[in-house]
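Asker: Once you've had a glance at the structure underneath, I'll fire off some questions.
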Amino acid sequence: MWSILTNNWGTFMSGVGYTLASSILALIGSLIVGTLFALLEISPFKSLRVIGRIYVEIVRNIPLLVITLAFYVIVPQFIVKIDGFTAGTIGLLIYTSAFIAETVRAGIETVPGGQMEGARSIGMTYNQAMIQIIFPQAFKMVIPPLGNQFINLVKNSSVLAFVAGFDLMYQGKLIAATTFSTFDTYLIVGVFYLVLTMPLSYLMRYLEKKWVTA
């Protein structure tokens with residue numbers, strides 16, 4: 001196992017780099033898109049609520065691999081050429097955004113309705129009340145579930161291996177195929193994923209203690 005790690009260190013680290021890049025891009029994008037669709041779901045306008053609900057329900061009930069393959073196969077064929085890394089990252093972003101939308105929506109709905117009414121009574125607009133009053137309280141409540149979604153996103157980035165995304169799992173497949181040491185190779189890959197997700201787990205626990213219990 002040690003020889004596999006040392007002889008293929010550069011390949012493993014290349015995979016880690018692609019995994020981190022995809023995860024960070026998808027994390028930022030899914031947080032933005034998910035929050036936007038959460039706002040649609042609680043919008044005063046029924047048409048916007050319907051759009052938000054349809055998006056969330058459809059995306060949540062389609063496997064991540066199917067979404068990713070759609071961008072890898074269908075989009076390049078009919079719309080625009082994209083590589084496996086881009087297709088995998090977009091698939092991750094869309095898939096995760098649906099779960100984040102539900103998480104953020106639930107957090108917003110835990111804020112007492114009187115908070116919005118009070119903000120509007122002192123002259124705030126709906127948008128001002130959401131940004132200054134509701135959001136700060138809601139995001140404190142959703143830190144733990146958001147942390148779980150972010151950790152799952154890093155692990156789900158292994159889907160890039162199916163679309164030649166050059167991520168950690170993809171590189172592990174190549175190394176296992178050349179060394180014929182499947183168990184040892186994937187054990188090393190698992191350790192790398194553990195190294196990537198553990199700091200994020202501890203960070204979310206720290207934020208939870210600092211903000212939620214404050």
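Identifiers for the structure tokens are assigned positionally: chains receive A, B, ... in sequence, residues are indexed from 1 per chain, and ligands are indexed from 1 in the order shown.
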Taking only residues of region 159-185 of chain A that have an atom at most 12 Å from an atom of region 189-192 of chain A, what is each one's shortest atom pair and its distance in Å to one decimal, using only C-alpha atoms, in chain and number order, as a Markdown table?
Answerer:
```
| residue | atom | partner | partner_atom | distance |
| --- | --- | --- | --- | --- |
| A:Asp167 | CA | A:Val189 | CA | 10.6 |
| A:Leu168 | CA | A:Val189 | CA | 6.9 |
| A:Met169 | CA | A:Val189 | CA | 6.8 |
| A:Tyr170 | CA | A:Val189 | CA | 9.9 |
| A:Gln171 | CA | A:Val189 | CA | 9.0 |
| A:Gly172 | CA | A:Val189 | CA | 6.4 |
| A:Lys173 | CA | A:Val189 | CA | 9.6 |
| A:Leu174 | CA | A:Val189 | CA | 11.8 |
| A:Ile175 | CA | A:Val189 | CA | 10.4 |
| A:Ala176 | CA | A:Val189 | CA | 10.5 |
| A:Thr182 | CA | A:Val189 | CA | 10.5 |
| A:Phe183 | CA | A:Val189 | CA | 9.9 |
| A:Asp184 | CA | A:Val189 | CA | 8.7 |
| A:Thr185 | CA | A:Val189 | CA | 6.3 |
```
Asker: Convert the current residue selection to file output with N, CA and C atoms, as a tab-separated table (two decimals), in the first residue's frame.
Answerer:
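Wrote out05.tsv, looks like this:
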```tsv
chain	number	residue	atom	x	y	z
A	167	ASP	N	-10.97	13.55	-11.19
A	167	ASP	CA	-11.01	13.72	-9.75
A	167	ASP	C	-10.28	12.59	-9.04
A	168	LEU	N	-10.36	12.60	-7.72
A	168	LEU	CA	-9.65	11.60	-6.92
A	168	LEU	C	-10.10	10.19	-7.23
A	169	MET	N	-11.39	9.97	-7.35
A	169	MET	CA	-11.89	8.63	-7.65
A	169	MET	C	-11.48	8.17	-9.04
A	170	TYR	N	-11.48	9.09	-9.99
A	170	TYR	CA	-11.07	8.76	-11.36
A	170	TYR	C	-9.61	8.34	-11.38
A	171	GLN	N	-8.76	9.08	-10.70
A	171	GLN	CA	-7.34	8.73	-10.64
A	171	GLN	C	-7.14	7.42	-9.91
A	172	GLY	N	-7.96	7.17	-8.89
A	172	GLY	CA	-7.88	5.89	-8.19
A	172	GLY	C	-8.20	4.72	-9.10
A	173	LYS	N	-9.20	4.91	-9.97
A	173	LYS	CA	-9.55	3.86	-10.93
A	173	LYS	C	-8.39	3.56	-11.87
A	174	LEU	N	-7.71	4.61	-12.33
A	174	LEU	CA	-6.58	4.43	-13.23
A	174	LEU	C	-5.43	3.70	-12.53
A	175	ILE	N	-5.16	4.09	-11.29
A	175	ILE	CA	-4.06	3.46	-10.54
A	175	ILE	C	-4.39	2.00	-10.25
A	176	ALA	N	-5.64	1.74	-9.87
A	176	ALA	CA	-6.04	0.35	-9.58
A	176	ALA	C	-5.92	-0.51	-10.83
A	182	THR	N	-6.50	-3.34	-6.31
A	182	THR	CA	-7.76	-2.60	-6.20
A	182	THR	C	-8.06	-2.22	-4.76
A	183	PHE	N	-7.96	-3.18	-3.84
A	183	PHE	CA	-8.32	-2.91	-2.44
A	183	PHE	C	-7.43	-1.83	-1.85
A	184	ASP	N	-6.12	-1.98	-2.00
A	184	ASP	CA	-5.20	-1.01	-1.41
A	184	ASP	C	-5.39	0.38	-2.01
A	185	THR	N	-5.61	0.43	-3.32
A	185	THR	CA	-5.77	1.72	-3.98
A	185	THR	C	-7.01	2.45	-3.48
```
Asker: If we count only C-alpha atoms and set the cut-off at 12 Å, which residues sit around Asn148 (chain A), ignoring sequence neighbours fewer than 6 positions away in its own chain? Please answer as a list in words.
Answerer: Leu27, Thr96, Phe99, Ile100, Thr103, Val142, Val154, Lys155, Asn156, Thr197, Met198, Leu200, Ser201, Tyr202, Leu203, Met204, Arg205 and Glu208 of chain A
Asker: Kindly provide the residues of region 73-184 of chain A that approach region 36-41 of chain A to within 10 Å, each paired with its closest atom pair and their distance in Å to one decimal, based on only C-alpha atoms, listed by chain and increasing number, as a Markdown table.
Answerer:
```
| residue | atom | partner | partner_atom | distance |
| --- | --- | --- | --- | --- |
| A:Ser97 | CA | A:Phe37 | CA | 8.3 |
| A:Ala98 | CA | A:Phe37 | CA | 7.9 |
| A:Phe99 | CA | A:Ala38 | CA | 9.8 |
| A:Ile100 | CA | A:Ala38 | CA | 8.0 |
| A:Ala101 | CA | A:Ala38 | CA | 4.5 |
| A:Glu102 | CA | A:Ala38 | CA | 6.4 |
| A:Thr103 | CA | A:Ala38 | CA | 8.2 |
| A:Val104 | CA | A:Ala38 | CA | 6.1 |
| A:Arg105 | CA | A:Ala38 | CA | 4.9 |
| A:Ala106 | CA | A:Ala38 | CA | 8.6 |
| A:Gly107 | CA | A:Ala38 | CA | 9.7 |
| A:Ile108 | CA | A:Ala38 | CA | 8.7 |
| A:Met130 | CA | A:Leu39 | CA | 9.4 |
```
Asker: Return the single residue from A:Ile151, A:Val159, A:Ile62, A:Val56 that is closest to Leu194 (chain A), with distances computed using only C-alpha atoms.
Answerer: A:Ile151
